[in-house]
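Q: Provided below: coords-v1.cif, containing mmCIF, C-alpha atoms.
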```cif
data_coords
#
loop_
_atom_site.group_PDB
_atom_site.id
_atom_site.type_symbol
_atom_site.label_atom_id
_atom_site.label_comp_id
_atom_site.auth_asym_id
_atom_site.auth_seq_id
_atom_site.Cartn_x
_atom_site.Cartn_y
_atom_site.Cartn_z
ATOM 1 C CA MET A 1 -24.304 -0.518 5.355
ATOM 2 C CA GLY A 2 -23.176 -2.413 8.413
ATOM 3 C CA GLY A 3 -21.535 -1.304 11.625
ATOM 4 C CA ARG A 4 -18.058 -2.664 10.906
ATOM 5 C CA VAL A 5 -17.899 -0.865 7.558
ATOM 6 C CA GLU A 6 -18.920 2.455 9.072
ATOM 7 C CA ARG A 7 -16.477 2.130 11.995
ATOM 8 C CA GLN A 8 -13.588 1.235 9.675
ATOM 9 C CA PHE A 9 -14.406 4.089 7.322
ATOM 10 C CA GLU A 10 -14.615 6.606 10.197
ATOM 11 C CA ARG A 11 -11.247 5.460 11.565
ATOM 12 C CA ILE A 12 -9.579 5.871 8.182
ATOM 13 C CA LEU A 13 -11.265 9.206 7.547
ATOM 14 C CA ALA A 14 -9.913 10.498 10.893
ATOM 15 C CA ILE A 15 -6.254 9.616 10.153
ATOM 16 C CA ASP A 16 -3.859 12.550 10.005
ATOM 17 C CA TRP A 17 -1.879 11.840 6.820
ATOM 18 C CA THR A 18 0.388 14.879 7.166
ATOM 19 C CA GLY A 19 3.347 12.792 8.311
ATOM 20 C CA SER A 20 5.007 10.901 11.078
ATOM 21 C CA ARG A 21 4.512 12.050 14.623
ATOM 22 C CA GLY A 22 7.217 9.783 16.013
ATOM 23 C CA GLY A 23 6.480 6.354 17.347
ATOM 24 C CA SER A 24 8.766 4.601 14.905
ATOM 25 C CA ARG A 25 9.265 1.594 17.199
ATOM 26 C CA SER A 26 5.551 0.915 17.612
ATOM 27 C CA ARG A 27 4.824 1.644 13.955
ATOM 28 C CA ALA A 28 7.517 -0.802 12.786
ATOM 29 C CA ALA A 29 6.180 -3.408 15.225
ATOM 30 C CA LEU A 30 2.667 -2.857 13.870
ATOM 31 C CA MET A 31 3.909 -3.386 10.312
ATOM 32 C CA ARG A 32 5.629 -6.622 11.376
ATOM 33 C CA GLU A 33 2.393 -7.735 13.034
ATOM 34 C CA TYR A 34 0.527 -6.975 9.816
ATOM 35 C CA LEU A 35 3.046 -9.092 7.869
ATOM 36 C CA ARG A 36 2.519 -11.957 10.334
ATOM 37 C CA ARG A 37 -1.258 -11.784 10.046
ATOM 38 C CA ALA A 38 -1.181 -11.349 6.270
ATOM 39 C CA ALA A 39 1.016 -14.454 5.994
ATOM 40 C CA TRP A 40 -1.553 -16.593 7.804
ATOM 41 C CA TRP A 41 -4.479 -15.136 5.856
ATOM 42 C CA GLY A 42 -2.589 -15.436 2.571
ATOM 43 C CA ARG A 43 -1.538 -19.033 3.139
ATOM 44 C CA THR A 44 -4.986 -20.112 4.323
ATOM 45 C CA LEU A 45 -6.777 -18.464 1.390
ATOM 46 C CA GLN A 46 -3.976 -19.345 -1.074
ATOM 47 C CA LEU A 47 -3.655 -15.723 -2.176
ATOM 48 C CA THR A 48 -0.940 -14.343 -4.393
ATOM 49 C CA GLY A 49 0.581 -10.903 -4.085
ATOM 50 C CA TRP A 50 1.570 -11.137 -0.432
ATOM 51 C CA PRO A 51 1.964 -9.065 1.671
ATOM 52 C CA PHE A 52 -0.614 -6.542 0.445
ATOM 53 C CA ILE A 53 -3.386 -8.978 -0.351
ATOM 54 C CA ASP A 54 -7.144 -8.666 -0.630
ATOM 55 C CA PRO A 55 -8.735 -11.476 1.405
ATOM 56 C CA ALA A 56 -12.246 -10.263 0.565
ATOM 57 C CA ASP A 57 -11.607 -11.096 -3.084
ATOM 58 C CA ALA A 58 -11.201 -14.769 -2.161
ATOM 59 C CA LEU A 59 -13.902 -14.841 0.528
ATOM 60 C CA ALA A 60 -16.709 -12.977 -1.205
ATOM 61 C CA PRO A 61 -15.838 -11.547 -4.622
ATOM 62 C CA ASP A 62 -19.376 -10.185 -4.923
ATOM 63 C CA VAL A 63 -19.010 -7.984 -1.812
ATOM 64 C CA GLN A 64 -17.360 -4.624 -2.410
ATOM 65 C CA ALA A 65 -16.454 -1.667 -0.242
ATOM 66 C CA PRO A 66 -19.353 0.790 -0.510
ATOM 67 C CA LYS A 67 -18.600 3.090 -3.441
ATOM 68 C CA GLU A 68 -19.873 6.224 -1.692
ATOM 69 C CA LEU A 69 -17.407 5.691 1.183
ATOM 70 C CA VAL A 70 -14.472 4.970 -1.120
ATOM 71 C CA ASP A 71 -15.361 8.069 -3.145
ATOM 72 C CA ARG A 72 -15.318 10.144 0.055
ATOM 73 C CA LEU A 73 -11.834 8.839 0.899
ATOM 74 C CA TYR A 74 -10.663 9.703 -2.607
ATOM 75 C CA GLU A 75 -11.735 13.307 -2.037
ATOM 76 C CA ASP A 76 -8.930 13.685 0.540
ATOM 77 C CA GLU A 77 -5.823 14.764 -1.356
ATOM 78 C CA ARG A 78 -3.553 13.883 1.588
ATOM 79 C CA PHE A 79 -4.932 10.340 1.528
ATOM 80 C CA LEU A 80 -4.377 10.025 -2.205
ATOM 81 C CA ASN A 81 -0.801 11.295 -1.841
ATOM 82 C CA GLN A 82 0.080 8.177 0.132
ATOM 83 C CA ASP A 83 1.866 5.187 -1.386
ATOM 84 C CA MET A 84 -0.695 3.321 -3.523
ATOM 85 C CA ARG A 85 -0.318 0.290 -1.233
ATOM 86 C CA VAL A 86 -1.510 2.420 1.700
ATOM 87 C CA VAL A 87 -4.560 3.551 -0.255
ATOM 88 C CA LYS A 88 -5.341 -0.018 -1.339
ATOM 89 C CA THR A 89 -4.973 -1.465 2.161
ATOM 90 C CA CYS A 90 -7.396 1.106 3.538
ATOM 91 C CA VAL A 91 -10.005 0.288 0.896
ATOM 92 C CA ARG A 92 -9.408 -3.444 1.348
ATOM 93 C CA SER A 93 -9.902 -3.113 5.104
ATOM 94 C CA ILE A 94 -13.305 -1.549 4.471
ATOM 95 C CA ARG A 95 -14.073 -4.333 2.006
ATOM 96 C CA LEU A 96 -13.170 -7.022 4.558
ATOM 97 C CA ALA A 97 -15.435 -5.252 7.059
ATOM 98 C CA ALA A 98 -18.215 -5.427 4.429
ATOM 99 C CA VAL A 99 -17.637 -9.178 4.076
ATOM 100 C CA ARG A 100 -17.971 -9.572 7.846
ATOM 101 C CA ASP A 101 -21.078 -7.337 7.910
ATOM 102 C CA ALA A 102 -22.585 -9.513 5.170
ATOM 103 C CA GLY A 103 -22.194 -12.505 7.466
ATOM 104 C CA ARG A 104 -19.822 -14.355 5.187
ATOM 105 C CA PRO A 105 -17.441 -16.845 6.803
ATOM 106 C CA VAL A 106 -13.872 -15.674 7.408
ATOM 107 C CA PRO A 107 -10.818 -17.497 8.753
ATOM 108 C CA PRO A 108 -10.573 -17.622 12.554
ATOM 109 C CA PHE A 109 -7.638 -15.217 12.680
ATOM 110 C CA PRO A 110 -7.359 -11.735 14.134
ATOM 111 C CA ASP A 111 -8.322 -8.964 11.732
ATOM 112 C CA MET A 112 -5.567 -8.754 9.143
ATOM 113 C CA PHE A 113 -5.780 -4.977 8.668
ATOM 114 C CA GLU A 114 -6.024 -3.872 12.311
ATOM 115 C CA PRO A 115 -2.240 -3.451 12.789
ATOM 116 C CA LEU A 116 -1.968 -1.359 9.607
ATOM 117 C CA ILE A 117 -4.843 0.929 10.516
ATOM 118 C CA ALA A 118 -3.366 1.355 14.015
ATOM 119 C CA MET A 119 0.005 2.136 12.407
ATOM 120 C CA TYR A 120 -1.578 4.742 10.117
ATOM 121 C CA GLU A 121 -3.343 6.296 13.107
ATOM 122 C CA ARG A 122 0.016 6.612 14.893
ATOM 123 C CA GLY A 123 1.659 8.646 12.154
ATOM 124 C CA GLY A 124 0.807 7.971 8.543
ATOM 125 C CA GLY A 125 1.768 5.409 5.946
ATOM 126 C CA PHE A 126 4.773 3.474 4.733
ATOM 127 C CA SER A 127 6.693 2.850 1.555
ATOM 128 C CA LEU A 128 8.126 -0.272 -0.058
ATOM 129 C CA ASP A 129 11.061 -0.039 -2.422
ATOM 130 C CA LYS A 130 12.036 -2.388 -5.243
ATOM 131 C CA THR A 131 14.509 -4.227 -3.011
ATOM 132 C CA GLY A 132 11.769 -5.221 -0.555
ATOM 133 C CA MET A 133 12.652 -2.676 2.121
ATOM 134 C CA ILE A 134 9.678 -1.325 4.034
ATOM 135 C CA SER A 135 10.123 2.180 5.447
ATOM 136 C CA VAL A 136 7.940 3.184 8.365
ATOM 137 C CA GLY A 137 8.798 6.593 9.726
ATOM 138 C CA GLY A 138 12.500 6.448 10.526
ATOM 139 C CA ALA A 139 12.683 2.637 10.569
ATOM 140 C CA ALA A 140 13.365 0.365 7.609
ATOM 141 C CA PHE A 141 13.478 -3.416 7.400
ATOM 142 C CA HIS A 142 13.291 -6.107 4.758
ATOM 143 C CA ARG A 143 9.838 -7.438 3.974
ATOM 144 C CA GLY A 144 11.039 -11.023 3.699
ATOM 145 C CA ILE A 145 8.874 -13.749 2.213
ATOM 146 C CA LEU A 146 5.582 -15.181 3.411
ATOM 147 C CA PRO A 147 7.049 -18.279 5.148
ATOM 148 C CA ASP A 148 9.304 -15.997 7.231
ATOM 149 C CA HIS A 149 6.166 -14.700 8.955
ATOM 150 C CA LEU A 150 4.294 -17.951 9.563
ATOM 151 C CA HIS A 151 5.427 -18.246 13.158
ATOM 152 C CA LYS A 152 3.050 -18.909 16.006
ATOM 153 C CA LYS A 153 4.547 -16.387 18.388
ATOM 154 C CA PRO A 154 1.759 -14.246 19.807
ATOM 155 C CA GLY A 155 1.309 -10.900 18.161
ATOM 156 C CA ILE A 156 1.983 -7.600 19.830
ATOM 157 C CA PRO A 157 -0.689 -5.893 21.924
ATOM 158 C CA LEU A 158 -2.443 -3.274 19.836
ATOM 159 C CA ASP A 159 -3.822 -1.091 22.615
ATOM 160 C CA ARG A 160 -2.629 2.510 22.779
ATOM 161 C CA GLU A 161 -0.994 2.158 26.202
ATOM 162 C CA SER A 162 1.198 -0.771 25.139
ATOM 163 C CA LEU A 163 2.192 0.956 21.913
ATOM 164 C CA ASP A 164 2.962 4.192 23.778
ATOM 165 C CA ALA A 165 5.136 2.240 26.231
ATOM 166 C CA MET A 166 7.016 0.691 23.308
ATOM 167 C CA ASP A 167 7.754 4.167 21.948
ATOM 168 C CA ALA A 168 8.703 5.520 25.366
ATOM 169 C CA ALA A 169 11.650 3.119 25.313
ATOM 170 C CA ASP A 170 13.050 5.264 22.475
ATOM 171 C CA ALA A 171 12.830 8.471 24.468
#
```
Could I get this structure in the form of structure tokens?
A:
Amino acid sequence: MGGRVERQFERILAIDWTGSRGGSRSRAALMREYLRRAAWWGRTLQLTGWPFIDPADALAPDVQAPKELVDRLYEDERFLNQDMRVVKTCVRSIRLAAVRDAGRPVPPFPDMFEPLIAMYERGGGFSLDKTGMISVGGAAFHRGILPDHLHKKPGIPLDRESLDAMDAADA
């Protein structure tokens, strides 16, 4: 097992899935950043199913997330009580880390899953309803379609201080 896989697994394992701890502004911004990144990855790899895609499936279908790590995640009932998209994105983030650890080529974009994992770390998951509304904590917004997110505006800073400052504006 490589270093990226282990680090990603440990981050996910450490997430407190008991619910939102505030930070709805930063968490919504992190989801929007994920949508932006997923749009670029999805378009480049010509993936269907946006926004919750599996880039590793296109890059290296033979590389999987280590079963023993996925099994350990599935032992956490709080993790499994999340929206199935949350569970899948966590496993897919480990799988993409495995692709990188295997030395396979990946698009020259920032890590697609980093904003989602940061969002989960700041207060749990999200939900998506049948109308395309994404709910993150107390915020809700329409998912849109892939081309809506193919802008070249720089993404948000993902460091804790910047995200905390974003949330402080709500206080």
Q: Tell me which protein, DNA and RNA residues are within 9 Å of segment 74-80 of chain A, counting all atoms listed in the file, leaving out same-chain ones fewer than 2 positions away, and put them as a list in words.
A: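 In the requested form, the answer reads Leu13, Ile15, Asp16, Trp17, Thr18, Leu69, Val70, Asp71, Arg72, Gln82, Asp83, Met84, Val86 and Val87 of chain A.
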Q: Please work out which residues fall within 12 Å of (0.6, -0.2, -1.4), coordinates as given in the file, with all atoms listed in the file counting, and return them as an NGL selection string.
A: :A and (49-54 or 80-92 or 116 or 125-129 or 134-135)
Q: Evaluate the PyMOL selection byres ((chain A and resi 29-41) around 7) on the structure here and hand back the selected residues as a VMD selection string.
A: chain A and resid 25 to 28 42 to 45 51 112 to 113 115 to 116 119 146 149 to 150 155 to 156
Q: Within 12 Å of Gly2 of chain A, counting all atoms listed in the file, which residues show up once you throw out same-chain ones fewer than 6 positions away? Write them as an NGL selection string, please.
A: :A and (8-9 or 65-66 or 94-103)
Q: Can you measure atom CA of Phe141 of chain A to atom CA of Ser162 of chain A for me? One decimal in Å is fine.
A: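 Those two atoms sit 21.7 Å apart.
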Q: In Å, rounded to a single decimal, give me how far atom CA of Gly23 of chain A is from atom CA of Leu163 of chain A.
A: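 Taking atom CA of Leu163 of chain A as the start and atom CA of Gly23 of chain A as the end point, the length is 8.3 Å.
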Q: Provide the atom CA of Pro61 of chain A to atom CA of Gly124 of chain A distance in Å, to one decimal place.
A: 28.8 Å
Q: Can you work out which one of A:Leu158, A:Ala14, A:Ala169, A:Val63 has the shortest atom-to-atom distance to Ala118 of chain A, counting only C-alpha atoms?
A: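 Checking each candidate against Ala118 of chain A, we get A:Leu158 as the closest.
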Q: Counting only C-alpha atoms, figure out which residue out of A:Lys67, A:Ile145, A:Asp62, A:Arg7 gets nearest to Thr48 of chain A.
A: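 The closest residue to Thr48 of chain A is A:Ile145.
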Q: Step by step, gather every atom of segment 132-136 of chain A that the file lists, find the box along x, y and z that holds them, add 4 Å on each side, and finally give centre and edge lengths in Å to one decimal, as JSON.
A:
```
{"center_x": 10.3, "center_y": -1.0, "center_z": 3.9, "size_x": 12.7, "size_y": 16.4, "size_z": 16.9}
```
Q: Would you mind putting back N, CA, C and O atoms on segment 37-48 of chain A, then writing it out as a PDB file, in the frame of the given file?
A:
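Final file, rebuild17.pdb:
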```pdb
ATOM      1  N   ARG A  37       0.156 -11.468  10.277  1.00  0.00           N
ATOM      2  CA  ARG A  37      -1.258 -11.784  10.046  1.00  0.00           C
ATOM      3  C   ARG A  37      -1.530 -12.030   8.561  1.00  0.00           C
ATOM      4  O   ARG A  37      -2.255 -12.959   8.207  1.00  0.00           O
ATOM      5  N   ALA A  38      -0.965 -11.187   7.714  1.00  0.00           N
ATOM      6  CA  ALA A  38      -1.181 -11.349   6.270  1.00  0.00           C
ATOM      7  C   ALA A  38      -0.623 -12.679   5.778  1.00  0.00           C
ATOM      8  O   ALA A  38      -1.173 -13.284   4.850  1.00  0.00           O
ATOM      9  N   ALA A  39       0.451 -13.159   6.385  1.00  0.00           N
ATOM     10  CA  ALA A  39       1.016 -14.454   5.994  1.00  0.00           C
ATOM     11  C   ALA A  39       0.018 -15.572   6.288  1.00  0.00           C
ATOM     12  O   ALA A  39      -0.196 -16.457   5.447  1.00  0.00           O
ATOM     13  N   TRP A  40      -0.579 -15.547   7.468  1.00  0.00           N
ATOM     14  CA  TRP A  40      -1.553 -16.593   7.804  1.00  0.00           C
ATOM     15  C   TRP A  40      -2.801 -16.510   6.929  1.00  0.00           C
ATOM     16  O   TRP A  40      -3.294 -17.522   6.438  1.00  0.00           O
ATOM     17  N   TRP A  41      -3.320 -15.311   6.728  1.00  0.00           N
ATOM     18  CA  TRP A  41      -4.479 -15.136   5.856  1.00  0.00           C
ATOM     19  C   TRP A  41      -4.132 -15.570   4.429  1.00  0.00           C
ATOM     20  O   TRP A  41      -4.892 -16.293   3.792  1.00  0.00           O
ATOM     21  N   GLY A  42      -2.988 -15.128   3.941  1.00  0.00           N
ATOM     22  CA  GLY A  42      -2.589 -15.436   2.571  1.00  0.00           C
ATOM     23  C   GLY A  42      -2.397 -16.923   2.341  1.00  0.00           C
ATOM     24  O   GLY A  42      -2.832 -17.463   1.325  1.00  0.00           O
ATOM     25  N   ARG A  43      -1.749 -17.589   3.292  1.00  0.00           N
ATOM     26  CA  ARG A  43      -1.538 -19.033   3.139  1.00  0.00           C
ATOM     27  C   ARG A  43      -2.864 -19.783   3.200  1.00  0.00           C
ATOM     28  O   ARG A  43      -3.136 -20.659   2.381  1.00  0.00           O
ATOM     29  N   THR A  44      -3.703 -19.424   4.154  1.00  0.00           N
ATOM     30  CA  THR A  44      -4.986 -20.112   4.323  1.00  0.00           C
ATOM     31  C   THR A  44      -5.877 -19.944   3.095  1.00  0.00           C
ATOM     32  O   THR A  44      -6.514 -20.904   2.651  1.00  0.00           O
ATOM     33  N   LEU A  45      -5.910 -18.738   2.543  1.00  0.00           N
ATOM     34  CA  LEU A  45      -6.777 -18.464   1.390  1.00  0.00           C
ATOM     35  C   LEU A  45      -6.061 -18.685   0.058  1.00  0.00           C
ATOM     36  O   LEU A  45      -6.647 -18.491  -0.996  1.00  0.00           O
ATOM     37  N   GLN A  46      -4.794 -19.089   0.116  1.00  0.00           N
ATOM     38  CA  GLN A  46      -3.976 -19.345  -1.074  1.00  0.00           C
ATOM     39  C   GLN A  46      -3.955 -18.143  -2.018  1.00  0.00           C
ATOM     40  O   GLN A  46      -4.168 -18.266  -3.228  1.00  0.00           O
ATOM     41  N   LEU A  47      -3.675 -16.973  -1.415  1.00  0.00           N
ATOM     42  CA  LEU A  47      -3.655 -15.723  -2.176  1.00  0.00           C
ATOM     43  C   LEU A  47      -2.262 -15.431  -2.701  1.00  0.00           C
ATOM     44  O   LEU A  47      -1.269 -15.752  -2.063  1.00  0.00           O
ATOM     45  N   THR A  48      -2.210 -14.810  -3.846  1.00  0.00           N
ATOM     46  CA  THR A  48      -0.940 -14.343  -4.393  1.00  0.00           C
ATOM     47  C   THR A  48      -0.822 -12.851  -4.105  1.00  0.00           C
ATOM     48  O   THR A  48      -1.810 -12.194  -3.762  1.00  0.00           O
TER      49      THR A  48
END
```
